[in-house]
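Engineer: Here it is: the structure, laid out below.
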Amino acid sequence: MPLPMTCYQERRTKLQQQIAQNSVVILRAGSLCTRNSDCYYEFRPHSSFLYLTGYKESDAYLVITNQESILFNLPKDPSKELWDGFRHGVDGAVQQFGFDLAFPLTQLPQKILDLLDSCHAVYSLFEDQELQQQIHAWQQTLVSKQRQGAKAPTKFIDITDTINEMRLIKDTHEIAIMEQAAQISVEAHKQAMMAAKVGMHEYELEAELNYTFMKSGARTPAYNNIVASGKNACVLHYIENDKKMQADDLVLIDAGCELDGYASDITCTFPVNGKFTSAQAALYAIVLEAQKAAIEQVKVGAQYVNFHDAALRVLTKGLVDLGLLQGEVDSLIDSKAYQPFYMHNTGHWLGLDVHDAGAYKLDGQSRPLQAGMVVTVEPGLYVAHDNYDVDEQWRGIGIRIEDDVLVTENGPYILTHGLAREIADIEALMAR
Ligand SMILES: [Mn+2]
């Protein structure tokens with residue numbers, strides 16, 4: 001368990017305090033997912049389940065009532081454990097994870113009916129469709145037992161927002177893990193930058209990333225690694241990673257490890273041969289300036305949208321200065337004239353999910369930033385290879401620079417500190 005057991009107990013208590021009297025919360029870890037034949041993808045529980053339990057085994061259900069938190073899980077089974085590995089079982093769930101009660105999964109159908117009978121409301125994550133179907137079936141079973149005195153629940157509430165608001169503010173334990181994850185990813189990007197050579201394939205740099213992640217104890221990337229050289233960098237979610245890297249190409253790497261369930265998310269863009277061309281350097285300098293302006297806005301009390309707006313202004317002005325856009329900056333921003341070159345937002349929440357839980361607006365307004373929130377700051381510029389409206393020298397260049405930033409009372413704190421960001425620093429590192 002990555003955090004002390006009491007952290008998870010406190011979270012469950014905090015959630016419990018936010019539900020109506022005589023109600024039940026049900027959450028599911030999820031099940032194994034087939035890759036092919038009898039092989040499964042590595043299991044990873046739903047992030048909200050993980051947040052409330054720290055429990056990483058598949059096929060577990062968390063049930064919270066007004067009095068108790070209960071885990072239904074796979075019981076100890078020596079012959080199954082011989083083949084598929086250790087299980088905490090029912091006793092382990094209580095002793096090591098601090099649940100008030102635990103039962104084998106096989107007892108869920110009966111026990112859940114007892115809990116749902118006559119209850120006021122059932123809370124769950126509406127996005128979990130399989131669970132929704134199960135809840136509906138349990139409700140129907142109780143309806144069919146009405147003449148025996150059962151009373152089926154009639155109120156179903158989505159608890160997503162309540163949990164998401166809790167997940168949005170990171171505590172000191174979470175911040176420590178996220179900084180560790182961020183620093184493993186920093187090291188991975190440095191290694192990839194130093195390993196890059198003309199003629200290598202993109203996947204050879206991906207190998208450097210995965211090697212550093214794993215060697216550091218972060219067994220998996222938080223999302224699919226993007227290693228995009230040349231014009232591939234203009235494909236925002238490029239994951240083929242199989243092209244040969246050419247001299248005079250930039251390579252954009254968007255990759256971050258997951259550590260103890262927490263994501264990191266970094267993008268670096270650098271020249272394959274270690275030396276920026278003048279066109280690449282000109283665009284890169286704008287993106288870096290945009291990122292610096294944006295990070296300054298990641299502060300308590302600023303609205304979420306402020307850092308995007310700050311980046312957008314620098315990017316648009318830069319495009320005008322270089323002649324890729326013509327006109328006045330304000331009206332180019334109003335008319336979204338920058339969109340052929342910048343089509344995504346400047347960041348997102350970061351936490352257990354790479355695009356982490358939490359609302360971006362409150363009552364229709366961009367929400368104010370609070371200490372403990374973590375955002376990515378990732379401006380970019382992308383010039384399509386077939387954009388004939390701009391001079392040839394700019395075509396096919398894609399650049400993004402991304403860091404993970406914690407909001408603190410003392411201003412922005414860059415969790416991904418230590419990366420080579422300035423052009424001179426990148427060239428110096430690559431020349432080593
Ligand atoms: Mn990102």
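Ordering of the structure tokens sets the chain letters (A, B, ...), residue numbers begin anew at 1 in every chain, and ligands are numbered from 1 in the order given.
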Residues of stretch 205-398 of chain A classed as helix (DSSP H, G or I) by DSSP on the backbone are to be reported as a PyMOL selection string.
Structural biologist: chain A and resi 205-215+230-234+278-296+304-322+329-334+392-394
Engineer: For stretch 161-170 of chain A, list every protein, DNA or RNA residue within 9 Å, evaluated using only C-alpha atoms, and leave out those in the same chain fewer than 3 positions away; present the list as a list of chain:residue names.
Structural biologist: A:Arg11, A:Lys14, A:Leu15, A:Gln18, A:Ser48, A:Tyr51, A:Leu52, A:Asp158, A:His173, A:Glu174, A:Ile175, A:Trp349, A:Leu350, A:Gly351, A:Leu352, A:Asp356, A:Ala357, A:Gly358, A:Ala359, A:Gln370, A:Ala371, A:Gly372, A:Met373, A:Val374
Engineer: Find the residues near A:Asp254: any atom within 10 Å, counting only C-alpha atoms, skip ones fewer than 3 places away on the same chain, and give them as a PDB file with all heavy atoms, in the first residue's frame.
Structural biologist:
```pdb
ATOM      1  N   HIS A 189      13.644  10.941 -19.585  1.00  0.00           N
ATOM      2  CA  HIS A 189      13.747  11.871 -20.721  1.00  0.00           C
ATOM      3  C   HIS A 189      15.207  12.269 -20.974  1.00  0.00           C
ATOM      4  O   HIS A 189      15.642  12.386 -22.114  1.00  0.00           O
ATOM      5  CB  HIS A 189      12.879  13.115 -20.474  1.00  0.00           C
ATOM      6  CG  HIS A 189      11.434  12.902 -20.822  1.00  0.00           C
ATOM      7  ND1 HIS A 189      10.892  13.299 -22.027  1.00  0.00           N
ATOM      8  CD2 HIS A 189      10.435  12.309 -20.140  1.00  0.00           C
ATOM      9  CE1 HIS A 189       9.603  12.966 -22.060  1.00  0.00           C
ATOM     10  NE2 HIS A 189       9.300  12.372 -20.917  1.00  0.00           N
ATOM     11  N   TYR A 223       0.669   6.260 -19.439  1.00  0.00           N
ATOM     12  CA  TYR A 223      -0.129   6.292 -20.684  1.00  0.00           C
ATOM     13  C   TYR A 223       0.829   5.850 -21.781  1.00  0.00           C
ATOM     14  O   TYR A 223       2.037   5.702 -21.536  1.00  0.00           O
ATOM     15  CB  TYR A 223      -0.673   7.709 -20.953  1.00  0.00           C
ATOM     16  CG  TYR A 223       0.392   8.780 -20.946  1.00  0.00           C
ATOM     17  CD1 TYR A 223       0.977   9.225 -22.126  1.00  0.00           C
ATOM     18  CD2 TYR A 223       0.863   9.324 -19.745  1.00  0.00           C
ATOM     19  CE1 TYR A 223       1.986  10.170 -22.117  1.00  0.00           C
ATOM     20  CE2 TYR A 223       1.870  10.271 -19.725  1.00  0.00           C
ATOM     21  CZ  TYR A 223       2.423  10.697 -20.917  1.00  0.00           C
ATOM     22  OH  TYR A 223       3.426  11.629 -20.907  1.00  0.00           O
ATOM     23  N   ASN A 224       0.319   5.632 -22.986  1.00  0.00           N
ATOM     24  CA  ASN A 224       1.180   5.134 -24.055  1.00  0.00           C
ATOM     25  C   ASN A 224       2.257   6.164 -24.407  1.00  0.00           C
ATOM     26  O   ASN A 224       1.956   7.329 -24.642  1.00  0.00           O
ATOM     27  CB  ASN A 224       0.348   4.838 -25.310  1.00  0.00           C
ATOM     28  CG  ASN A 224      -0.566   3.639 -25.107  1.00  0.00           C
ATOM     29  OD1 ASN A 224      -0.220   2.699 -24.387  1.00  0.00           O
ATOM     30  ND2 ASN A 224      -1.734   3.665 -25.720  1.00  0.00           N
ATOM     31  N   ASN A 225       3.495   5.701 -24.443  1.00  0.00           N
ATOM     32  CA  ASN A 225       4.615   6.583 -24.795  1.00  0.00           C
ATOM     33  C   ASN A 225       4.442   7.132 -26.209  1.00  0.00           C
ATOM     34  O   ASN A 225       4.126   6.387 -27.133  1.00  0.00           O
ATOM     35  CB  ASN A 225       5.941   5.816 -24.771  1.00  0.00           C
ATOM     36  CG  ASN A 225       6.278   5.261 -23.407  1.00  0.00           C
ATOM     37  OD1 ASN A 225       6.098   5.931 -22.396  1.00  0.00           O
ATOM     38  ND2 ASN A 225       6.789   4.036 -23.375  1.00  0.00           N
ATOM     39  N   ILE A 226       4.688   8.412 -26.358  1.00  0.00           N
ATOM     40  CA  ILE A 226       4.681   9.040 -27.680  1.00  0.00           C
ATOM     41  C   ILE A 226       6.120   9.420 -28.023  1.00  0.00           C
ATOM     42  O   ILE A 226       6.734  10.214 -27.300  1.00  0.00           O
ATOM     43  CB  ILE A 226       3.791  10.311 -27.686  1.00  0.00           C
ATOM     44  CG1 ILE A 226       2.337   9.936 -27.393  1.00  0.00           C
ATOM     45  CG2 ILE A 226       3.920  11.050 -29.026  1.00  0.00           C
ATOM     46  CD1 ILE A 226       1.420  11.142 -27.171  1.00  0.00           C
ATOM     47  N   VAL A 227       6.649   8.817 -29.076  1.00  0.00           N
ATOM     48  CA  VAL A 227       7.979   9.213 -29.577  1.00  0.00           C
ATOM     49  C   VAL A 227       7.794   9.541 -31.045  1.00  0.00           C
ATOM     50  O   VAL A 227       7.670   8.652 -31.889  1.00  0.00           O
ATOM     51  CB  VAL A 227       9.029   8.106 -29.383  1.00  0.00           C
ATOM     52  CG1 VAL A 227      10.404   8.600 -29.858  1.00  0.00           C
ATOM     53  CG2 VAL A 227       9.110   7.672 -27.927  1.00  0.00           C
ATOM     54  N   ALA A 228       7.708  10.825 -31.338  1.00  0.00           N
ATOM     55  CA  ALA A 228       7.265  11.278 -32.660  1.00  0.00           C
ATOM     56  C   ALA A 228       8.337  12.163 -33.285  1.00  0.00           C
ATOM     57  O   ALA A 228       8.571  13.281 -32.822  1.00  0.00           O
ATOM     58  CB  ALA A 228       5.953  12.046 -32.529  1.00  0.00           C
ATOM     59  N   ALA A 233       5.245  14.483 -35.117  1.00  0.00           N
ATOM     60  CA  ALA A 233       4.990  15.272 -33.903  1.00  0.00           C
ATOM     61  C   ALA A 233       3.708  16.087 -34.030  1.00  0.00           C
ATOM     62  O   ALA A 233       3.155  16.542 -33.028  1.00  0.00           O
ATOM     63  CB  ALA A 233       6.173  16.193 -33.613  1.00  0.00           C
ATOM     64  N   LEU A 236      -1.113  14.402 -32.588  1.00  0.00           N
ATOM     65  CA  LEU A 236      -1.011  14.640 -31.149  1.00  0.00           C
ATOM     66  C   LEU A 236      -0.864  13.357 -30.332  1.00  0.00           C
ATOM     67  O   LEU A 236      -0.145  13.329 -29.352  1.00  0.00           O
ATOM     68  CB  LEU A 236      -2.205  15.460 -30.661  1.00  0.00           C
ATOM     69  CG  LEU A 236      -2.287  16.867 -31.262  1.00  0.00           C
ATOM     70  CD1 LEU A 236      -3.521  17.583 -30.741  1.00  0.00           C
ATOM     71  CD2 LEU A 236      -1.036  17.696 -30.996  1.00  0.00           C
ATOM     72  N   HIS A 237      -1.552  12.301 -30.725  1.00  0.00           N
ATOM     73  CA  HIS A 237      -1.461  11.047 -29.974  1.00  0.00           C
ATOM     74  C   HIS A 237      -0.766   9.949 -30.772  1.00  0.00           C
ATOM     75  O   HIS A 237      -1.175   8.788 -30.748  1.00  0.00           O
ATOM     76  CB  HIS A 237      -2.858  10.598 -29.501  1.00  0.00           C
ATOM     77  CG  HIS A 237      -3.426  11.490 -28.452  1.00  0.00           C
ATOM     78  ND1 HIS A 237      -4.763  11.582 -28.182  1.00  0.00           N
ATOM     79  CD2 HIS A 237      -2.822  12.367 -27.602  1.00  0.00           C
ATOM     80  CE1 HIS A 237      -4.956  12.469 -27.215  1.00  0.00           C
ATOM     81  NE2 HIS A 237      -3.801  12.957 -26.843  1.00  0.00           N
ATOM     82  N   TYR A 238       0.294  10.319 -31.477  1.00  0.00           N
ATOM     83  CA  TYR A 238       1.079   9.372 -32.276  1.00  0.00           C
ATOM     84  C   TYR A 238       1.726   8.334 -31.365  1.00  0.00           C
ATOM     85  O   TYR A 238       2.502   8.682 -30.463  1.00  0.00           O
ATOM     86  CB  TYR A 238       2.152  10.156 -33.032  1.00  0.00           C
ATOM     87  CG  TYR A 238       3.142   9.319 -33.808  1.00  0.00           C
ATOM     88  CD1 TYR A 238       2.846   8.883 -35.092  1.00  0.00           C
ATOM     89  CD2 TYR A 238       4.379   8.993 -33.259  1.00  0.00           C
ATOM     90  CE1 TYR A 238       3.769   8.134 -35.812  1.00  0.00           C
ATOM     91  CE2 TYR A 238       5.300   8.246 -33.971  1.00  0.00           C
ATOM     92  CZ  TYR A 238       4.993   7.813 -35.237  1.00  0.00           C
ATOM     93  OH  TYR A 238       5.903   7.077 -35.941  1.00  0.00           O
ATOM     94  N   ILE A 239       1.415   7.057 -31.565  1.00  0.00           N
ATOM     95  CA  ILE A 239       2.055   6.021 -30.730  1.00  0.00           C
ATOM     96  C   ILE A 239       2.648   4.885 -31.557  1.00  0.00           C
ATOM     97  O   ILE A 239       3.056   3.861 -31.019  1.00  0.00           O
ATOM     98  CB  ILE A 239       1.076   5.428 -29.686  1.00  0.00           C
ATOM     99  CG1 ILE A 239      -0.214   4.944 -30.348  1.00  0.00           C
ATOM    100  CG2 ILE A 239       0.790   6.417 -28.581  1.00  0.00           C
ATOM    101  CD1 ILE A 239      -1.061   4.067 -29.439  1.00  0.00           C
ATOM    102  N   VAL A 251      12.516  15.529 -32.492  1.00  0.00           N
ATOM    103  CA  VAL A 251      11.727  14.409 -31.978  1.00  0.00           C
ATOM    104  C   VAL A 251      11.003  14.891 -30.718  1.00  0.00           C
ATOM    105  O   VAL A 251      11.594  15.565 -29.863  1.00  0.00           O
ATOM    106  CB  VAL A 251      12.576  13.136 -31.728  1.00  0.00           C
ATOM    107  CG1 VAL A 251      13.740  13.398 -30.804  1.00  0.00           C
ATOM    108  CG2 VAL A 251      11.706  11.996 -31.198  1.00  0.00           C
ATOM    109  N   ASP A 265       3.782  13.176 -16.291  1.00  0.00           N
ATOM    110  CA  ASP A 265       3.442  13.505 -17.681  1.00  0.00           C
ATOM    111  C   ASP A 265       4.387  14.603 -18.170  1.00  0.00           C
ATOM    112  O   ASP A 265       4.254  15.748 -17.757  1.00  0.00           O
ATOM    113  CB  ASP A 265       1.972  13.971 -17.716  1.00  0.00           C
ATOM    114  CG  ASP A 265       1.453  14.186 -19.123  1.00  0.00           C
ATOM    115  OD1 ASP A 265       2.188  13.948 -20.091  1.00  0.00           O
ATOM    116  OD2 ASP A 265       0.281  14.609 -19.248  1.00  0.00           O
ATOM    117  N   ILE A 266       5.336  14.193 -19.008  1.00  0.00           N
ATOM    118  CA  ILE A 266       6.375  15.131 -19.464  1.00  0.00           C
ATOM    119  C   ILE A 266       6.456  15.102 -20.984  1.00  0.00           C
ATOM    120  O   ILE A 266       6.375  14.023 -21.577  1.00  0.00           O
ATOM    121  CB  ILE A 266       7.767  14.738 -18.902  1.00  0.00           C
ATOM    122  CG1 ILE A 266       7.805  14.899 -17.379  1.00  0.00           C
ATOM    123  CG2 ILE A 266       8.883  15.561 -19.554  1.00  0.00           C
ATOM    124  CD1 ILE A 266       9.120  14.448 -16.757  1.00  0.00           C
ATOM    125  N   THR A 267       6.623  16.257 -21.586  1.00  0.00           N
ATOM    126  CA  THR A 267       6.976  16.292 -23.000  1.00  0.00           C
ATOM    127  C   THR A 267       8.247  17.110 -23.188  1.00  0.00           C
ATOM    128  O   THR A 267       8.368  18.218 -22.648  1.00  0.00           O
ATOM    129  CB  THR A 267       5.856  16.911 -23.854  1.00  0.00           C
ATOM    130  OG1 THR A 267       4.617  16.253 -23.559  1.00  0.00           O
ATOM    131  CG2 THR A 267       6.159  16.737 -25.337  1.00  0.00           C
ATOM    132  N   CYS A 268       9.182  16.522 -23.944  1.00  0.00           N
ATOM    133  CA  CYS A 268      10.393  17.217 -24.361  1.00  0.00           C
ATOM    134  C   CYS A 268      10.449  17.185 -25.882  1.00  0.00           C
ATOM    135  O   CYS A 268      10.028  16.199 -26.498  1.00  0.00           O
ATOM    136  CB  CYS A 268      11.649  16.515 -23.839  1.00  0.00           C
ATOM    137  SG  CYS A 268      11.855  16.624 -22.060  1.00  0.00           S
ATOM    138  N   THR A 269      10.958  18.223 -26.480  1.00  0.00           N
ATOM    139  CA  THR A 269      11.164  18.232 -27.924  1.00  0.00           C
ATOM    140  C   THR A 269      12.603  18.669 -28.184  1.00  0.00           C
ATOM    141  O   THR A 269      13.036  19.699 -27.649  1.00  0.00           O
ATOM    142  CB  THR A 269      10.178  19.203 -28.605  1.00  0.00           C
ATOM    143  OG1 THR A 269       8.850  18.945 -28.127  1.00  0.00           O
ATOM    144  CG2 THR A 269      10.213  19.020 -30.121  1.00  0.00           C
ATOM    145  N   ARG A 400       6.216  20.520 -28.428  1.00  0.00           N
ATOM    146  CA  ARG A 400       5.436  20.668 -27.198  1.00  0.00           C
ATOM    147  C   ARG A 400       6.413  20.602 -26.033  1.00  0.00           C
ATOM    148  O   ARG A 400       7.396  19.853 -26.097  1.00  0.00           O
ATOM    149  CB  ARG A 400       4.367  19.569 -27.078  1.00  0.00           C
ATOM    150  CG  ARG A 400       3.533  19.645 -25.822  1.00  0.00           C
ATOM    151  CD  ARG A 400       2.210  18.846 -25.890  1.00  0.00           C
ATOM    152  NE  ARG A 400       2.393  17.414 -26.008  1.00  0.00           N
ATOM    153  CZ  ARG A 400       2.199  16.726 -27.120  1.00  0.00           C
ATOM    154  NH1 ARG A 400       1.814  17.328 -28.228  1.00  0.00           N
ATOM    155  NH2 ARG A 400       2.388  15.412 -27.154  1.00  0.00           N
ATOM    156  N   ILE A 401       6.166  21.386 -25.023  1.00  0.00           N
ATOM    157  CA  ILE A 401       6.993  21.375 -23.808  1.00  0.00           C
ATOM    158  C   ILE A 401       6.033  21.239 -22.635  1.00  0.00           C
ATOM    159  O   ILE A 401       5.136  22.064 -22.470  1.00  0.00           O
ATOM    160  CB  ILE A 401       7.824  22.676 -23.676  1.00  0.00           C
ATOM    161  CG1 ILE A 401       8.703  22.887 -24.920  1.00  0.00           C
ATOM    162  CG2 ILE A 401       8.668  22.633 -22.408  1.00  0.00           C
ATOM    163  CD1 ILE A 401       9.445  24.232 -24.940  1.00  0.00           C
ATOM    164  N   GLU A 402       6.226  20.194 -21.849  1.00  0.00           N
ATOM    165  CA  GLU A 402       5.256  19.894 -20.785  1.00  0.00           C
ATOM    166  C   GLU A 402       5.927  19.571 -19.462  1.00  0.00           C
ATOM    167  O   GLU A 402       6.817  18.726 -19.399  1.00  0.00           O
ATOM    168  CB  GLU A 402       4.391  18.690 -21.210  1.00  0.00           C
ATOM    169  CG  GLU A 402       3.423  18.209 -20.136  1.00  0.00           C
ATOM    170  CD  GLU A 402       2.522  17.091 -20.617  1.00  0.00           C
ATOM    171  OE1 GLU A 402       2.963  16.297 -21.465  1.00  0.00           O
ATOM    172  OE2 GLU A 402       1.372  17.024 -20.148  1.00  0.00           O
TER     173      GLU A 402
END
```
Engineer: Please report, as JSON lines, each residue of stretch 309-415 of chain A lying at most 6 Å from stretch 300-303 of chain A, together with the nearest pair of atoms and the separation in Å rounded to one decimal; use only C-alpha atoms, and order rows by chain and ascending residue number.
Structural biologist:
```
{"residue": "A:Ser366", "atom": "CA", "partner": "A:Gln303", "partner_atom": "CA", "distance": 5.8}
{"residue": "A:Arg367", "atom": "CA", "partner": "A:Gln303", "partner_atom": "CA", "distance": 5.4}
{"residue": "A:Pro368", "atom": "CA", "partner": "A:Gln303", "partner_atom": "CA", "distance": 4.2}
{"residue": "A:Leu369", "atom": "CA", "partner": "A:Val300", "partner_atom": "CA", "distance": 5.0}
{"residue": "A:Gln370", "atom": "CA", "partner": "A:Val300", "partner_atom": "CA", "distance": 5.0}
```
Engineer: Given only C-alpha atoms as the basis, pick out the residue of A:Gln393, A:Asp404, A:Pro412, A:Gly398 nearest to A:Gln297.
Structural biologist: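 Checking each of A:Gln393, A:Asp404, A:Pro412, A:Gly398 against A:Gln297, counting only C-alpha atoms, the winner is A:Pro412.
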Engineer: Between A:Val198, A:Asp114, A:Ser47, A:Ala60, which one has atoms that come closest to A:Thr160, using only C-alpha atoms?
Structural biologist: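 Checking each of A:Val198, A:Asp114, A:Ser47, A:Ala60 against A:Thr160, counting only C-alpha atoms, the winner is A:Ser47.
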Engineer: List as an MDAnalysis selection string the protein and nucleic acid residues near A:Thr416, meaning an atom at most 7 Å away when only C-alpha atoms are counted, but skip any in the same chain fewer than 2 places from it.
Structural biologist: chainID A and resid 182:183 186 403:404 414 418
Engineer: Calculated over only C-alpha atoms, which of the candidates A:Thr220, A:Gly149, A:Asp100, A:Leu105 has the smallest distance to A:Asp117?
Structural biologist: A:Gly149
Engineer: Which distance in Å separates atom CA of A:Gln132 and atom CA of A:Phe72, to one decimal?
Structural biologist: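 A separation of 17.2 Å between them.
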Engineer: Can you list, as a list of chain:residue names, all residues belonging to stretch 274-396 of chain A that DSSP tags as strand (DSSP E)?
Structural biologist: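 Put together, the selection reads A:Lys361, A:Leu362, A:Gln365, A:Ser366, A:Val374, A:Val375, A:Thr376, A:Val377, A:Gly380, A:Leu381, A:Tyr382.
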Engineer: Keeping only all heavy atoms, write the selected residues to a file as a PDB file, in the first residue's frame.
Structural biologist:
```pdb
ATOM      1  N   LYS A 361     -14.632  23.703 -14.077  1.00  0.00           N
ATOM      2  CA  LYS A 361     -15.468  24.879 -13.865  1.00  0.00           C
ATOM      3  C   LYS A 361     -16.351  24.665 -12.641  1.00  0.00           C
ATOM      4  O   LYS A 361     -16.727  23.535 -12.328  1.00  0.00           O
ATOM      5  CB  LYS A 361     -16.382  25.107 -15.081  1.00  0.00           C
ATOM      6  CG  LYS A 361     -15.648  25.624 -16.301  1.00  0.00           C
ATOM      7  CD  LYS A 361     -16.627  25.884 -17.433  1.00  0.00           C
ATOM      8  CE  LYS A 361     -15.911  26.500 -18.627  1.00  0.00           C
ATOM      9  NZ  LYS A 361     -16.821  26.724 -19.758  1.00  0.00           N
ATOM     10  N   LEU A 362     -16.656  25.760 -11.966  1.00  0.00           N
ATOM     11  CA  LEU A 362     -17.642  25.731 -10.885  1.00  0.00           C
ATOM     12  C   LEU A 362     -18.720  26.745 -11.247  1.00  0.00           C
ATOM     13  O   LEU A 362     -18.394  27.902 -11.534  1.00  0.00           O
ATOM     14  CB  LEU A 362     -17.001  26.103  -9.546  1.00  0.00           C
ATOM     15  CG  LEU A 362     -15.923  25.155  -8.982  1.00  0.00           C
ATOM     16  CD1 LEU A 362     -15.372  25.704  -7.670  1.00  0.00           C
ATOM     17  CD2 LEU A 362     -16.469  23.745  -8.783  1.00  0.00           C
ATOM     18  N   GLN A 365     -18.118  28.883 -14.236  1.00  0.00           N
ATOM     19  CA  GLN A 365     -16.928  29.739 -14.259  1.00  0.00           C
ATOM     20  C   GLN A 365     -15.670  28.895 -14.066  1.00  0.00           C
ATOM     21  O   GLN A 365     -15.681  27.961 -13.268  1.00  0.00           O
ATOM     22  CB  GLN A 365     -16.993  30.755 -13.102  1.00  0.00           C
ATOM     23  CG  GLN A 365     -18.137  31.744 -13.186  1.00  0.00           C
ATOM     24  CD  GLN A 365     -17.894  32.780 -14.269  1.00  0.00           C
ATOM     25  OE1 GLN A 365     -16.782  33.288 -14.421  1.00  0.00           O
ATOM     26  NE2 GLN A 365     -18.928  33.080 -15.053  1.00  0.00           N
ATOM     27  N   SER A 366     -14.604  29.254 -14.780  1.00  0.00           N
ATOM     28  CA  SER A 366     -13.320  28.602 -14.571  1.00  0.00           C
ATOM     29  C   SER A 366     -12.955  28.676 -13.092  1.00  0.00           C
ATOM     30  O   SER A 366     -13.018  29.741 -12.483  1.00  0.00           O
ATOM     31  CB  SER A 366     -12.248  29.296 -15.411  1.00  0.00           C
ATOM     32  OG  SER A 366     -11.008  28.650 -15.236  1.00  0.00           O
ATOM     33  N   VAL A 374      -2.621  19.716  -8.815  1.00  0.00           N
ATOM     34  CA  VAL A 374      -1.483  19.516  -9.718  1.00  0.00           C
ATOM     35  C   VAL A 374      -1.987  19.591 -11.156  1.00  0.00           C
ATOM     36  O   VAL A 374      -2.963  18.917 -11.513  1.00  0.00           O
ATOM     37  CB  VAL A 374      -0.793  18.156  -9.479  1.00  0.00           C
ATOM     38  CG1 VAL A 374       0.393  17.986 -10.444  1.00  0.00           C
ATOM     39  CG2 VAL A 374      -0.302  18.041  -8.038  1.00  0.00           C
ATOM     40  N   VAL A 375      -1.333  20.433 -11.949  1.00  0.00           N
ATOM     41  CA  VAL A 375      -1.698  20.552 -13.363  1.00  0.00           C
ATOM     42  C   VAL A 375      -0.472  20.290 -14.231  1.00  0.00           C
ATOM     43  O   VAL A 375       0.664  20.451 -13.785  1.00  0.00           O
ATOM     44  CB  VAL A 375      -2.247  21.962 -13.723  1.00  0.00           C
ATOM     45  CG1 VAL A 375      -3.549  22.233 -13.005  1.00  0.00           C
ATOM     46  CG2 VAL A 375      -1.214  23.040 -13.431  1.00  0.00           C
ATOM     47  N   THR A 376      -0.728  19.894 -15.470  1.00  0.00           N
ATOM     48  CA  THR A 376       0.348  19.905 -16.454  1.00  0.00           C
ATOM     49  C   THR A 376       0.288  21.244 -17.171  1.00  0.00           C
ATOM     50  O   THR A 376      -0.782  21.842 -17.303  1.00  0.00           O
ATOM     51  CB  THR A 376       0.195  18.788 -17.492  1.00  0.00           C
ATOM     52  OG1 THR A 376      -0.965  19.044 -18.293  1.00  0.00           O
ATOM     53  CG2 THR A 376       0.068  17.420 -16.830  1.00  0.00           C
ATOM     54  N   VAL A 377       1.446  21.723 -17.591  1.00  0.00           N
ATOM     55  CA  VAL A 377       1.506  22.951 -18.391  1.00  0.00           C
ATOM     56  C   VAL A 377       2.231  22.593 -19.678  1.00  0.00           C
ATOM     57  O   VAL A 377       3.428  22.292 -19.650  1.00  0.00           O
ATOM     58  CB  VAL A 377       2.226  24.075 -17.631  1.00  0.00           C
ATOM     59  CG1 VAL A 377       2.245  25.343 -18.482  1.00  0.00           C
ATOM     60  CG2 VAL A 377       1.530  24.354 -16.304  1.00  0.00           C
ATOM     61  N   GLY A 380       2.202  24.107 -27.069  1.00  0.00           N
ATOM     62  CA  GLY A 380       2.883  23.538 -28.228  1.00  0.00           C
ATOM     63  C   GLY A 380       2.600  24.353 -29.466  1.00  0.00           C
ATOM     64  O   GLY A 380       1.741  25.250 -29.462  1.00  0.00           O
ATOM     65  N   LEU A 381       3.345  24.064 -30.503  1.00  0.00           N
ATOM     66  CA  LEU A 381       3.063  24.614 -31.834  1.00  0.00           C
ATOM     67  C   LEU A 381       3.273  23.493 -32.839  1.00  0.00           C
ATOM     68  O   LEU A 381       4.253  22.742 -32.749  1.00  0.00           O
ATOM     69  CB  LEU A 381       3.992  25.789 -32.166  1.00  0.00           C
ATOM     70  CG  LEU A 381       3.694  27.140 -31.510  1.00  0.00           C
ATOM     71  CD1 LEU A 381       4.785  28.148 -31.871  1.00  0.00           C
ATOM     72  CD2 LEU A 381       2.308  27.671 -31.900  1.00  0.00           C
ATOM     73  N   TYR A 382       2.349  23.398 -33.774  1.00  0.00           N
ATOM     74  CA  TYR A 382       2.398  22.314 -34.758  1.00  0.00           C
ATOM     75  C   TYR A 382       2.094  22.906 -36.131  1.00  0.00           C
ATOM     76  O   TYR A 382       1.039  23.505 -36.322  1.00  0.00           O
ATOM     77  CB  TYR A 382       1.368  21.235 -34.410  1.00  0.00           C
ATOM     78  CG  TYR A 382       1.375  20.871 -32.941  1.00  0.00           C
ATOM     79  CD1 TYR A 382       0.586  21.576 -32.019  1.00  0.00           C
ATOM     80  CD2 TYR A 382       2.213  19.865 -32.450  1.00  0.00           C
ATOM     81  CE1 TYR A 382       0.621  21.282 -30.663  1.00  0.00           C
ATOM     82  CE2 TYR A 382       2.246  19.560 -31.101  1.00  0.00           C
ATOM     83  CZ  TYR A 382       1.445  20.272 -30.207  1.00  0.00           C
ATOM     84  OH  TYR A 382       1.483  19.972 -28.864  1.00  0.00           O
TER      85      TYR A 382
END
```
Engineer: Would you mind listing what lies within 12 Å of stretch 119-131 of chain A as a PyMOL selection string, with only C-alpha atoms counted and same-chain residues fewer than 4 positions away left out?
Structural biologist: chain A and resi 15-16+18-31+46-49+59-66+112-115+135-139+142+150-164
